[in-house]
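For reference, model_14.cif (mmCIF, C-alpha atoms and all ligand atoms):
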```cif
data_work
#
loop_
_atom_site.label_atom_id
_atom_site.label_comp_id
_atom_site.auth_asym_id
_atom_site.auth_seq_id
_atom_site.Cartn_x
_atom_site.Cartn_y
_atom_site.Cartn_z
CA MET V 24 53.49 59.03 -18.78
CA SER V 25 51.54 56.72 -20.98
CA GLU V 26 53.45 54.24 -23.10
CA LYS V 27 51.73 55.01 -26.36
CA ALA V 28 49.82 57.94 -27.75
CA ASP V 29 46.03 57.65 -27.70
CA TRP V 30 45.42 60.10 -30.52
CA ASN V 31 47.02 62.74 -32.69
CA PRO V 32 45.27 66.12 -32.96
CA LEU V 33 47.20 66.80 -36.16
CA SER V 34 46.04 63.66 -37.95
CA GLN V 35 43.93 64.15 -41.07
CA GLN V 36 40.97 62.54 -39.32
CA SER V 37 41.19 64.75 -36.24
CA LEU V 38 41.50 67.94 -38.30
CA ALA V 39 38.77 66.97 -40.79
CA ASP V 40 36.30 65.77 -38.14
CA PRO V 41 37.16 67.38 -34.80
CA ILE V 42 33.69 66.86 -33.34
CA GLY V 43 33.52 63.17 -34.30
CA THR V 44 37.05 62.57 -33.03
CA ASP V 45 36.32 64.33 -29.74
CA ARG V 46 33.06 62.38 -29.34
CA GLU V 47 34.83 59.09 -29.75
CA LEU V 48 37.62 59.97 -27.32
CA ARG V 49 35.13 61.34 -24.77
CA THR V 50 33.56 57.89 -24.72
CA THR V 51 36.55 55.60 -25.14
CA CYS V 52 39.51 57.54 -23.72
CA PRO V 53 38.36 60.73 -21.94
CA VAL V 54 41.84 61.42 -20.52
CA ALA V 55 43.98 60.92 -23.62
CA TYR V 56 47.67 61.36 -24.27
CA THR V 57 49.38 62.42 -27.48
CA ASP V 58 53.04 62.65 -28.45
CA ALA V 59 52.29 65.64 -30.69
CA TYR V 60 53.99 68.95 -29.87
CA GLY V 61 56.28 67.35 -27.27
CA GLY V 62 53.44 65.42 -25.59
CA PHE V 63 50.31 66.48 -23.73
CA PHE V 64 47.22 65.11 -22.03
CA ALA V 65 43.75 66.14 -23.17
CA LEU V 66 40.54 66.07 -21.12
CA PHE V 67 37.34 65.50 -23.06
CA ARG V 68 34.67 65.28 -20.32
CA HIS V 69 32.74 68.29 -19.04
CA GLU V 70 33.28 67.33 -15.39
CA ASP V 71 37.07 66.95 -15.74
CA ILE V 72 37.39 70.24 -17.62
CA VAL V 73 35.40 72.11 -14.97
CA ALA V 74 37.32 70.42 -12.12
CA VAL V 75 40.67 71.52 -13.55
CA THR V 76 39.56 75.12 -14.04
CA ARG V 77 38.64 75.17 -10.34
CA ASP V 78 41.79 73.44 -9.00
CA ARG V 79 44.13 76.40 -9.03
CA GLU V 80 46.67 74.65 -6.77
CA SER V 81 47.33 71.73 -9.11
CA PHE V 82 47.01 73.50 -12.47
CA VAL V 83 48.46 76.84 -13.64
CA SER V 84 48.11 78.98 -16.76
CA ALA V 85 51.56 80.66 -16.66
CA PRO V 86 53.82 80.67 -18.57
CA THR V 87 51.73 79.30 -21.46
CA ILE V 88 48.29 77.95 -22.27
CA SER V 89 48.95 77.08 -25.89
CA VAL V 90 50.06 73.81 -27.40
CA PRO V 91 52.47 74.11 -29.13
CA ALA V 92 53.87 76.36 -26.38
CA ALA V 93 54.48 80.04 -27.00
CA PRO V 94 58.05 80.56 -28.26
CA PRO V 95 60.58 81.29 -25.49
CA GLY V 96 60.87 84.98 -24.65
CA SER V 97 57.30 85.80 -25.83
CA PRO V 98 55.54 88.42 -23.73
CA PRO V 99 52.97 86.89 -21.34
CA TRP V 100 49.43 87.15 -22.76
CA VAL V 101 47.90 88.49 -19.57
CA PRO V 102 45.50 87.87 -17.90
CA LEU V 103 45.17 84.57 -19.81
CA GLN V 104 48.71 83.32 -19.12
CA SER V 105 48.81 84.31 -15.45
CA ASP V 106 47.63 82.94 -12.12
CA LEU V 107 46.33 84.27 -8.83
CA PRO V 108 47.04 86.61 -7.15
CA ILE V 109 48.41 88.75 -10.02
CA HIS V 110 45.69 87.58 -12.45
CA ARG V 111 43.17 89.59 -10.42
CA PHE V 112 45.05 92.84 -11.04
CA TYR V 113 45.26 92.34 -14.79
CA ARG V 114 41.62 91.34 -15.08
CA ARG V 115 40.50 94.36 -13.05
CA VAL V 116 41.98 96.67 -15.72
CA LEU V 117 39.82 95.12 -18.42
CA VAL V 118 36.53 94.24 -16.73
CA PRO V 119 34.84 97.67 -17.10
CA PHE V 120 35.36 97.64 -20.89
CA PHE V 121 33.71 94.23 -21.26
CA ALA V 122 30.52 94.94 -19.29
CA ALA V 123 27.39 94.01 -21.28
CA SER V 124 25.92 97.48 -20.61
CA ARG V 125 28.97 99.24 -22.09
CA LEU V 126 29.18 96.94 -25.12
CA GLN V 127 25.50 97.52 -25.91
CA ALA V 128 26.49 100.95 -27.23
CA PHE V 129 28.34 99.21 -30.10
CA GLU V 130 25.19 97.55 -31.43
CA PRO V 131 24.18 100.25 -33.98
CA GLN V 132 27.72 100.41 -35.36
CA LEU V 133 27.95 96.62 -35.55
CA ARG V 134 24.65 96.52 -37.47
CA LYS V 135 25.84 99.20 -39.86
CA MET V 136 29.17 97.46 -40.47
CA THR V 137 27.46 94.10 -40.97
CA ASN V 138 25.11 95.58 -43.57
CA GLU V 139 28.00 97.26 -45.39
CA LEU V 140 29.76 93.90 -45.61
CA ILE V 141 26.55 92.23 -46.90
CA ASP V 142 26.14 95.09 -49.45
CA GLY V 143 29.57 94.08 -50.78
CA PHE V 144 28.39 90.66 -52.00
CA ILE V 145 24.57 90.53 -52.05
CA GLU V 146 24.31 91.43 -55.76
CA LYS V 147 26.66 88.60 -56.74
CA GLY V 148 24.34 85.88 -55.41
CA GLU V 149 27.31 84.04 -53.97
CA THR V 150 30.14 84.66 -51.54
CA ASP V 151 32.70 83.09 -49.26
CA LEU V 152 30.89 83.80 -46.00
CA ALA V 153 34.05 83.19 -44.00
CA ALA V 154 36.19 85.78 -45.76
CA GLU V 155 33.58 88.36 -46.64
CA LEU V 156 31.57 88.46 -43.42
CA CYS V 157 32.50 86.14 -40.54
CA LEU V 158 36.21 86.96 -40.41
CA ALA V 159 35.78 90.62 -41.34
CA LEU V 160 33.15 91.69 -38.79
CA PRO V 161 34.87 90.42 -35.59
CA ALA V 162 38.09 92.20 -36.65
CA LYS V 163 36.10 95.44 -36.90
CA ALA V 164 34.52 94.77 -33.51
CA ILE V 165 38.00 94.50 -31.97
CA CYS V 166 38.89 97.88 -33.47
CA LEU V 167 35.77 99.35 -31.82
CA LEU V 168 36.67 97.71 -28.50
CA LEU V 169 40.28 98.90 -28.52
CA GLY V 170 39.59 102.34 -29.99
CA LEU V 171 41.60 101.60 -33.17
CA PRO V 172 40.75 103.00 -36.64
CA LEU V 173 38.21 100.73 -38.35
CA GLU V 174 40.26 100.59 -41.56
CA ASP V 175 43.04 98.81 -39.59
CA SER V 176 40.73 95.79 -39.16
CA VAL V 177 42.03 94.30 -42.43
CA LYS V 178 45.59 94.29 -41.04
CA LEU V 179 44.40 92.79 -37.72
CA GLU V 180 42.55 90.08 -39.63
CA LYS V 181 45.66 89.05 -41.52
CA TRP V 182 47.94 89.08 -38.47
CA THR V 183 45.53 86.87 -36.49
CA TYR V 184 45.00 84.42 -39.33
CA ASP V 185 48.71 84.17 -40.15
CA SER V 186 49.78 83.71 -36.53
CA ILE V 187 47.24 80.91 -35.95
CA GLU V 188 48.22 79.26 -39.23
CA ALA V 189 51.92 79.36 -38.34
CA GLY V 190 51.27 78.24 -34.77
CA SER V 191 49.22 75.26 -35.85
CA ARG V 192 52.00 73.55 -37.78
CA GLU V 193 55.24 71.94 -36.66
CA GLY V 194 58.16 74.23 -37.44
CA GLY V 195 55.99 77.34 -37.71
CA THR V 196 57.50 79.04 -34.63
CA ALA V 197 59.78 81.48 -36.45
CA GLU V 198 56.94 82.60 -38.73
CA LYS V 199 54.58 82.98 -35.76
CA LEU V 200 57.16 85.12 -33.96
CA ARG V 201 57.59 87.28 -37.05
CA VAL V 202 53.83 87.86 -37.43
CA LEU V 203 53.33 88.57 -33.72
CA GLY V 204 56.34 90.91 -33.87
CA GLU V 205 54.53 92.99 -36.52
CA LEU V 206 51.34 93.04 -34.46
CA ALA V 207 53.31 94.00 -31.34
CA GLU V 208 54.96 96.85 -33.23
CA TYR V 209 51.55 98.11 -34.30
CA GLY V 210 50.40 97.85 -30.66
CA ALA V 211 53.49 99.77 -29.49
CA GLN V 212 52.56 102.67 -31.78
CA TRP V 213 49.08 102.82 -30.25
CA LEU V 214 50.47 102.58 -26.71
CA GLU V 215 52.76 105.53 -27.50
CA ARG V 216 49.89 107.53 -28.99
CA ARG V 217 47.66 106.95 -25.96
CA ARG V 218 50.52 107.74 -23.58
CA ALA V 219 50.71 111.15 -25.23
CA GLU V 220 46.93 111.61 -25.58
CA PRO V 221 44.94 109.47 -23.12
CA ALA V 222 41.33 108.64 -24.04
CA ASP V 223 38.46 106.73 -22.46
CA ASP V 224 39.60 103.42 -23.91
CA VAL V 225 41.21 100.10 -23.03
CA ILE V 226 44.72 101.07 -24.13
CA SER V 227 44.70 104.22 -21.96
CA ALA V 228 43.41 102.14 -19.01
CA MET V 229 46.28 99.66 -19.49
CA LEU V 230 48.78 102.55 -19.35
CA ALA V 231 47.17 103.97 -16.20
CA ALA V 232 46.82 100.59 -14.45
CA GLU V 233 48.43 99.69 -11.14
CA ILE V 234 49.48 96.06 -10.81
CA ASP V 235 50.07 95.49 -7.11
CA GLY V 236 51.22 99.09 -6.71
CA ARG V 237 53.33 99.41 -9.88
CA PRO V 238 52.64 100.22 -13.54
CA MET V 239 52.51 97.46 -16.12
CA THR V 240 55.90 96.59 -17.63
CA PRO V 241 56.46 97.00 -21.40
CA ASP V 242 56.27 93.19 -21.76
CA GLU V 243 52.95 93.02 -19.89
CA LEU V 244 51.53 95.86 -22.02
CA THR V 245 52.59 94.11 -25.22
CA GLY V 246 51.24 90.73 -24.06
CA MET V 247 47.87 92.20 -23.04
CA PHE V 248 47.60 94.03 -26.36
CA LEU V 249 48.37 90.84 -28.30
CA LEU V 250 45.78 88.91 -26.30
CA LEU V 251 43.09 91.54 -26.88
CA ALA V 252 43.88 91.78 -30.58
CA GLU V 253 43.79 88.01 -31.13
CA ALA V 254 41.47 86.37 -28.57
CA GLY V 255 38.22 87.66 -29.96
CA HIS V 256 38.84 87.17 -33.65
CA GLU V 257 39.14 83.58 -34.92
CA THR V 258 36.97 82.52 -31.97
CA THR V 259 33.96 84.67 -32.84
CA SER V 260 34.56 84.17 -36.58
CA ASN V 261 34.47 80.39 -36.28
CA ALA V 262 31.40 80.43 -34.04
CA LEU V 263 29.67 82.43 -36.80
CA ILE V 264 31.01 80.33 -39.67
CA SER V 265 29.87 77.09 -38.00
CA SER V 266 26.45 78.59 -37.24
CA PHE V 267 26.00 79.54 -40.90
CA TYR V 268 27.21 76.10 -41.97
CA TYR V 269 24.61 74.53 -39.70
CA LEU V 270 21.84 76.81 -41.02
CA ALA V 271 22.76 76.04 -44.64
CA GLU V 272 22.46 72.32 -43.89
CA HIS V 273 19.20 72.61 -41.89
CA PRO V 274 16.68 74.58 -44.00
CA GLN V 275 13.72 73.87 -41.71
CA GLN V 276 15.40 75.33 -38.65
CA ARG V 277 16.67 78.21 -40.78
CA ALA V 278 13.14 78.97 -42.00
CA TRP V 279 11.89 78.86 -38.40
CA LEU V 280 14.59 81.31 -37.38
CA VAL V 281 13.80 83.66 -40.28
CA ASP V 282 10.20 83.83 -39.00
CA GLN V 283 11.21 84.75 -35.45
CA PRO V 284 10.78 88.39 -34.47
CA GLU V 285 14.24 88.29 -32.91
CA ILE V 286 17.10 85.92 -32.24
CA THR V 287 16.81 85.36 -28.50
CA PRO V 288 19.70 84.89 -26.03
CA GLU V 289 18.72 81.18 -25.70
CA ILE V 290 19.20 80.63 -29.42
CA ILE V 291 22.61 82.34 -29.39
CA GLU V 292 23.64 80.23 -26.37
CA GLU V 293 22.72 77.03 -28.17
CA PHE V 294 24.74 78.08 -31.22
CA LEU V 295 27.68 78.81 -28.90
CA ARG V 296 27.36 75.36 -27.30
CA TYR V 297 26.89 73.50 -30.55
CA CYS V 298 29.42 75.49 -32.60
CA ALA V 299 32.06 75.97 -29.84
CA PRO V 300 35.09 77.32 -31.71
CA VAL V 301 37.90 76.79 -29.16
CA ARG V 302 38.82 73.13 -29.25
CA GLY V 303 41.39 73.19 -26.46
CA LEU V 304 43.70 75.36 -24.35
CA ALA V 305 46.21 74.12 -21.79
CA ARG V 306 47.22 74.22 -18.15
CA THR V 307 50.43 72.87 -16.59
CA ALA V 308 50.19 70.42 -13.69
CA THR V 309 52.15 71.68 -10.67
CA ARG V 310 52.13 68.27 -8.95
CA ASP V 311 51.29 64.63 -9.61
CA VAL V 312 47.53 64.26 -9.96
CA VAL V 313 45.07 61.57 -10.96
CA ILE V 314 42.25 62.42 -13.37
CA GLY V 315 39.72 59.89 -14.54
CA GLY V 316 41.92 57.12 -13.09
CA ARG V 317 44.95 58.19 -15.08
CA ASP V 318 48.21 59.45 -13.53
CA ILE V 319 49.22 62.88 -14.68
CA PRO V 320 52.80 63.67 -13.61
CA ALA V 321 53.86 67.12 -12.34
CA GLY V 322 55.00 69.32 -15.22
CA SER V 323 52.59 67.74 -17.76
CA ARG V 324 50.65 69.95 -20.09
CA VAL V 325 46.95 69.23 -19.86
CA VAL V 326 44.65 70.55 -22.58
CA LEU V 327 41.06 71.32 -21.62
CA MET V 328 38.95 70.35 -24.63
CA PHE V 329 36.35 73.10 -24.22
CA ALA V 330 34.38 72.26 -27.40
CA SER V 331 34.11 68.63 -26.30
CA GLY V 332 32.78 69.66 -22.86
CA SER V 333 29.99 71.56 -24.60
CA ARG V 334 28.94 68.36 -26.40
CA ASP V 335 29.14 66.06 -23.35
CA GLU V 336 26.09 63.75 -23.43
CA LYS V 337 26.20 63.44 -19.62
CA VAL V 338 25.37 67.12 -19.30
CA PHE V 339 23.32 67.84 -22.41
CA ASP V 340 20.60 65.47 -23.64
CA ASN V 341 20.90 64.82 -27.37
CA ALA V 342 24.13 66.82 -27.24
CA ASP V 343 24.75 66.44 -30.98
CA GLU V 344 21.49 68.14 -31.84
CA CYS V 345 21.20 71.92 -32.06
CA LEU V 346 17.96 72.54 -30.15
CA PHE V 347 16.92 76.18 -29.98
CA GLY V 348 14.68 75.63 -26.97
CA ARG V 349 17.30 74.14 -24.67
CA ASP V 350 18.98 75.68 -21.64
CA ALA V 351 22.60 75.58 -22.81
CA VAL V 352 24.22 77.98 -20.34
CA ASN V 353 26.34 75.35 -18.61
CA HIS V 354 28.47 74.84 -21.73
CA THR V 355 32.27 75.10 -21.55
CA THR V 356 32.61 77.13 -24.76
CA PHE V 357 33.87 80.20 -22.85
CA GLY V 358 35.81 78.20 -20.23
CA LYS V 359 35.03 78.31 -16.51
CA GLY V 360 36.61 79.69 -13.36
CA ILE V 361 38.87 82.73 -13.08
CA HIS V 362 39.84 82.76 -16.77
CA ARG V 363 36.29 82.58 -18.09
CA CYS V 364 36.15 84.55 -21.31
CA LEU V 365 36.08 88.31 -20.81
CA GLY V 366 34.73 88.86 -24.31
CA GLU V 367 31.65 86.63 -23.99
CA HIS V 368 29.13 89.49 -24.10
CA LEU V 369 30.82 91.00 -27.15
CA ALA V 370 30.82 87.60 -28.89
CA ARG V 371 27.09 87.15 -28.16
CA LEU V 372 26.30 90.64 -29.44
CA GLU V 373 28.24 90.08 -32.67
CA MET V 374 26.50 86.76 -33.24
CA LYS V 375 23.06 88.21 -32.66
CA VAL V 376 23.69 91.13 -35.01
CA VAL V 377 25.35 89.16 -37.83
CA LEU V 378 22.90 86.25 -37.81
CA SER V 379 19.81 88.44 -37.65
CA GLU V 380 20.95 90.95 -40.30
CA PHE V 381 22.08 88.20 -42.68
CA LEU V 382 18.90 86.13 -42.33
CA ARG V 383 16.75 89.25 -42.74
CA ARG V 384 18.39 90.00 -46.08
CA ILE V 385 19.33 86.51 -47.27
CA PRO V 386 16.84 84.02 -45.82
CA ASP V 387 17.71 81.19 -48.19
CA PHE V 388 21.25 80.00 -48.97
CA LYS V 389 23.15 76.82 -49.83
CA ILE V 390 26.70 75.63 -49.52
CA ALA V 391 28.25 76.05 -52.97
CA GLY V 392 31.59 74.24 -52.84
CA PRO V 393 34.05 72.35 -50.70
CA VAL V 394 34.76 73.75 -47.24
CA GLN V 395 38.14 73.70 -45.54
CA PRO V 396 38.22 72.77 -41.86
CA ALA V 397 39.73 75.20 -39.31
CA MET V 398 43.20 74.74 -37.88
CA TRP V 399 44.17 73.24 -34.52
CA PRO V 400 43.23 74.31 -31.85
CA THR V 401 40.05 75.78 -33.31
CA THR V 402 36.96 74.15 -34.76
CA GLY V 403 35.07 75.64 -37.66
CA TYR V 404 35.93 76.30 -41.29
CA ARG V 405 38.47 78.41 -43.10
CA SER V 406 36.14 79.02 -46.03
CA LEU V 407 32.37 78.75 -46.49
CA PRO V 408 31.26 79.27 -50.11
CA VAL V 409 27.50 79.86 -50.32
CA ARG V 410 25.05 80.64 -53.08
CA PHE V 411 21.69 82.38 -52.67
CA ALA V 412 18.86 83.17 -55.02
CA SER V 413 16.79 85.74 -53.21
CA ASN V 414 18.00 88.93 -51.72
CA ARG V 415 16.54 91.99 -50.07
C1 LIG I 501 32.70 82.89 -29.46
C2 LIG I 501 33.74 83.65 -29.16
C3 LIG I 501 34.73 83.34 -28.05
C4 LIG I 501 35.05 82.16 -27.47
C5 LIG I 501 34.48 80.78 -27.76
C6 LIG I 501 36.07 82.43 -26.46
C7 LIG I 501 36.63 81.46 -25.64
C8 LIG I 501 37.45 81.73 -24.56
C9 LIG I 501 37.90 80.75 -23.61
C10 LIG I 501 37.62 79.24 -23.70
C11 LIG I 501 38.64 81.39 -22.67
C12 LIG I 501 39.25 80.76 -21.41
C13 LIG I 501 40.59 80.13 -21.68
C14 LIG I 501 41.18 79.38 -20.51
O1 LIG I 501 40.51 79.12 -19.51
O2 LIG I 501 42.36 79.03 -20.62
C15 LIG I 501 38.67 82.79 -23.03
C16 LIG I 501 39.33 83.78 -22.33
C17 LIG I 501 39.44 85.09 -22.77
N1 LIG I 501 38.78 85.66 -23.85
FE1 LIG I 501 37.51 84.73 -25.10
N2 LIG I 501 36.35 83.77 -26.48
C18 LIG I 501 35.55 84.37 -27.41
C19 LIG I 501 35.50 85.71 -27.72
C20 LIG I 501 36.27 86.69 -27.13
C21 LIG I 501 36.25 88.08 -27.48
C22 LIG I 501 35.32 88.74 -28.52
C23 LIG I 501 37.20 88.70 -26.73
C24 LIG I 501 37.54 90.16 -26.81
C25 LIG I 501 38.76 90.60 -26.93
C26 LIG I 501 37.79 87.69 -25.85
C27 LIG I 501 38.75 87.91 -24.88
C28 LIG I 501 39.16 86.98 -23.93
C29 LIG I 501 40.10 87.30 -22.86
C30 LIG I 501 40.74 88.66 -22.60
C31 LIG I 501 40.27 86.10 -22.12
C32 LIG I 501 41.17 85.90 -20.90
C33 LIG I 501 40.39 86.00 -19.60
C34 LIG I 501 41.25 85.69 -18.38
O3 LIG I 501 42.27 85.02 -18.51
O4 LIG I 501 40.89 86.15 -17.29
N3 LIG I 501 37.20 86.49 -26.13
N4 LIG I 501 37.91 82.98 -24.18
#
```

Let's see the structure in the file written out as structure tokens.
Ligand code: HEM
Amino acid sequence: MSEKADWNPLSQQSLADPIGTDRELRTTCPVAYTDAYGGFFALFRHEDIVAVTRDRESFVSAPTISVPAAPPGSPPWVPLQSDLPIHRFYRRVLVPFFAASRLQAFEPQLRKMTNELIDGFIEKGETDLAAELCLALPAKAICLLLGLPLEDSVKLEKWTYDSIEAGSREGGTAEKLRVLGELAEYGAQWLERRRAEPADDVISAMLAAEIDGRPMTPDELTGMFLLLAEAGHETTSNALISSFYYLAEHPQQRAWLVDQPEITPEIIEEFLRYCAPVRGLARTATRDVVIGGRDIPAGSRVVLMFASGSRDEKVFDNADECLFGRDAVNHTTFGKGIHRCLGEHLARLEMKVVLSEFLRRIPDFKIAGPVQPAMWPTTGYRSLPVRFASNR
């Protein structure tokens, strides 16, 4: 263990300028240690992050991948908080529902919902883009994915926000447990409903699943539901919020985008690289290892700084520039290896729809007030007030 902490993710500087802080540590201390949350290492370089995701002997994701750790007794958020061989069984249940071809069918509904949200503020000439669009739409997309009533998206939105807020501060454990308890109770009602009336949806597939020859336990069902309800929300929201922030600050690129016949997959990929919303998630070292010349003792928690990997200058030329023409696919925004994000195609689809519909109707907008940075371990903004003159 190191003798002194190299950084503190909860410091004002780290929270206010996560990208600048990560850039500096990537250069000066790429394997850093912090005393925060009981102590953990953090890896800032692309190559170290990728190496750890591939070394399944030395690093595991069970029982927890979050720092601070999930409260004791929490259901396992599977497949995220599991390892091989059982991880394969959990993932198999979900894969068909996340196929790009299946998700494509959501596009018309996502466009309609996006336009309804824009209708709600376009006449005002100003809005908080975070609250009124970027947080609202991904919550609706999760309802579509899970087969839940669309009007429940407002409740989902609040549970996700409140649980992240509580989890990102020291002493917030009891509040986090309370919020997740409410979400789990809501999930239990839907599990019961689908047990009685199965449908062609994710929840029914979870109930019918065989995990190594047995059904999923109540704890596994709850944990998988919590993961599905939460994983795709603040992530996609913050990717969108940061993209809009960037476009507000870069009118020339925005004007170029407005003139494009469509927002191509390359452009979305570059936004995902540049605006990576997951700052870091953890593994636990199963044995003593050395990374970047630094000893990491068995039992240490090691956070993979995914957003930093996506800005690594050794992999991406001019990494701090958002270049729409670049080949960005090797970013670490969605992780790598067996836990690579299952929702990546849904996230891309949401981004394409929201950015293109918004720019079509509101091609010119400016930031209209102070923004609040996102909470650890996300990057982005909690609010994004904008003003716009023209509308269509
Ligand atoms: C821009 C948006 C998103 C980002 C940046 C993102 C990021 C990530 C990352 C970094 C991981 C890997 C974590 C690790 O290795 O420990 C992950 C896994 C996962 N994500 Fe996403 N995610 C996004 C959207 C979504 C959406 C929309 C869903 C839909 C529910 C989703 C569901 C999942 C699931 C189920 C896993 C676990 C996969 C496994 O463990 O096998 N994500 N995501």

- Quick one: residues within 9 Å of stretch 321-328 of chain V, only C-alpha atoms counted, chain neighbours fewer than 6 positions away excluded, as number ranges by chain? V: 24, 45, 62-69, 71-73, 75-76, 81-82, 88-90, 301-312, 355, 358

- Task: Find the residue from V:Ala231, V:Leu249, V:Ile319, V:Ala28 that sits nearest to ligand LIG 501 (chain I); use all atoms listed in the file when measuring.
- Result: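 Answer, going by the shortest atom-to-atom distance: V:Leu249.
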
- Message: Just checking: using all atoms listed in the file, which residue out of V:Glu253, V:Glu380, V:Glu373, V:Glu220 ends up closest to V:Val202?
- Response: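 Selected residue with least distance to V:Val202: V:Glu253.
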
- Pick out the residues no farther than 6 Å from ligand LIG 501 (chain I), counting only C-alpha atoms and all ligand atoms, and list them as a VMD selection string. chain V and resid 102 to 103 114 251 254 to 255 258 to 259 262 299 to 301 304 356 to 358 361 to 367 369 to 370

List every protein, DNA or RNA residue with an atom no more than 10 Å from (45.8, 59.4, -31.5) in the file's coordinates, counting only C-alpha atoms, and format the result as a short mmCIF file (atom, residue, chain, number, x, y, z; two decimals) with C-alpha atoms, in the frame of the given file.
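That gives us result.cif:
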```cif
data_model
loop_
_atom_site.label_atom_id
_atom_site.label_comp_id
_atom_site.auth_asym_id
_atom_site.auth_seq_id
_atom_site.Cartn_x
_atom_site.Cartn_y
_atom_site.Cartn_z
CA LYS V 27 51.73 55.01 -26.36
CA ALA V 28 49.82 57.94 -27.75
CA ASP V 29 46.03 57.65 -27.70
CA TRP V 30 45.42 60.10 -30.52
CA ASN V 31 47.02 62.74 -32.69
CA PRO V 32 45.27 66.12 -32.96
CA LEU V 33 47.20 66.80 -36.16
CA SER V 34 46.04 63.66 -37.95
CA GLN V 36 40.97 62.54 -39.32
CA SER V 37 41.19 64.75 -36.24
CA THR V 44 37.05 62.57 -33.03
CA LEU V 48 37.62 59.97 -27.32
CA ALA V 55 43.98 60.92 -23.62
CA TYR V 56 47.67 61.36 -24.27
CA THR V 57 49.38 62.42 -27.48
CA ASP V 58 53.04 62.65 -28.45
CA ALA V 59 52.29 65.64 -30.69
#
```

- Hey, what's within 12 Å of V:Ser124 if we count only C-alpha atoms and toss same-chain stuff fewer than 5 positions away? As a PyMOL selection string, please? chain V and resi 118-119+129-130+368-369+372

Distance query 7 Å from (20.1, 76.9, -29.3) using all atoms listed in the file, result as a PDB file with C-alpha atoms, keeping the file's coordinate frame:
```pdb
ATOM      1  CA  GLU V 289      18.720  81.180 -25.700  1.00  0.00           C
ATOM      2  CA  ILE V 290      19.200  80.630 -29.420  1.00  0.00           C
ATOM      3  CA  ILE V 291      22.610  82.340 -29.390  1.00  0.00           C
ATOM      4  CA  GLU V 292      23.640  80.230 -26.370  1.00  0.00           C
ATOM      5  CA  GLU V 293      22.720  77.030 -28.170  1.00  0.00           C
ATOM      6  CA  PHE V 294      24.740  78.080 -31.220  1.00  0.00           C
ATOM      7  CA  CYS V 345      21.200  71.920 -32.060  1.00  0.00           C
ATOM      8  CA  LEU V 346      17.960  72.540 -30.150  1.00  0.00           C
ATOM      9  CA  PHE V 347      16.920  76.180 -29.980  1.00  0.00           C
ATOM     10  CA  GLY V 348      14.680  75.630 -26.970  1.00  0.00           C
ATOM     11  CA  ARG V 349      17.300  74.140 -24.670  1.00  0.00           C
TER      12      ARG V 349
END
```

- What gap, in Å, lies between atom CA of V:Pro131 and atom CA of V:Asp175?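 Here the two named atoms are 19.7 Å from each other.
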
- Note on the structure: In Å and to one decimal, atom CA of V:Ser333 is distant from atom CA of V:Tyr297 by 7.0 Å

- Between atom CA of V:Asp350 and atom CA of V:Asp282, what is the spacing in Å?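 Spanning atom CA of V:Asp282 to atom CA of V:Asp350 is a straight-line distance of 21.1 Å.
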
- Query: Of the residues V:Gly148, V:Pro161, V:Gly403, V:Gly61, which is the one nearest to V:Met136, using only C-alpha atoms?
  - Reply: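 Closest to V:Met136, using only C-alpha atoms: V:Pro161.
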
- Item | Top pick for closest residue to V:Glu198, considering V:Leu167, V:Asp318, V:Gly360, V:Pro94 and counting all atoms listed in the file | V:Pro94

- Message: Which residue is closest to V:Arg134? Choose from V:Phe329, V:Phe381, V:Tyr60, V:Phe248 and count only C-alpha atoms.
- Response: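 Once distances to V:Arg134 are computed over only C-alpha atoms, the minimum belongs to V:Phe381.
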
- Out of V:Ile385, V:Ile165, V:Ala123, V:Ala219, which residue has the shortest atom-to-atom distance to V:Glu149 when counting all atoms listed in the file?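 The shortest atom-to-atom distance to V:Glu149 comes from V:Ile385.
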
- Task: Considering all atoms listed in the file, return as an MDAnalysis selection string whatever protein or nucleic-acid residues lie within 12 Å of stretch 176-186 of chain V, sequence-local ones (same chain, fewer than 6 positions apart) excluded.
- Result: chainID V and resid 93 136 153:170 192 195:210 248:258 260:261 397:398 401 405

Restore N, CA and C atoms in stretch 160-166 of chain V and list the result as a short mmCIF file (atom, residue, chain, number, x, y, z; two decimals), in the coordinates of the input.
```
data_model
loop_
_atom_site.label_atom_id
_atom_site.label_comp_id
_atom_site.auth_asym_id
_atom_site.auth_seq_id
_atom_site.Cartn_x
_atom_site.Cartn_y
_atom_site.Cartn_z
N LEU V 160 33.89 90.92 -39.81
CA LEU V 160 33.15 91.69 -38.79
C LEU V 160 33.82 91.64 -37.40
N PRO V 161 34.23 90.44 -36.91
CA PRO V 161 34.87 90.42 -35.59
C PRO V 161 36.16 91.26 -35.53
N ALA V 162 36.88 91.36 -36.65
CA ALA V 162 38.09 92.20 -36.65
C ALA V 162 37.69 93.67 -36.47
N LYS V 163 36.57 94.06 -37.07
CA LYS V 163 36.10 95.44 -36.90
C LYS V 163 35.64 95.67 -35.46
N ALA V 164 35.00 94.64 -34.89
CA ALA V 164 34.52 94.77 -33.51
C ALA V 164 35.71 94.98 -32.55
N ILE V 165 36.82 94.32 -32.83
CA ILE V 165 38.00 94.50 -31.97
C ILE V 165 38.52 95.94 -32.09
N CYS V 166 38.47 96.48 -33.30
CA CYS V 166 38.89 97.88 -33.47
C CYS V 166 38.00 98.80 -32.63
#
```
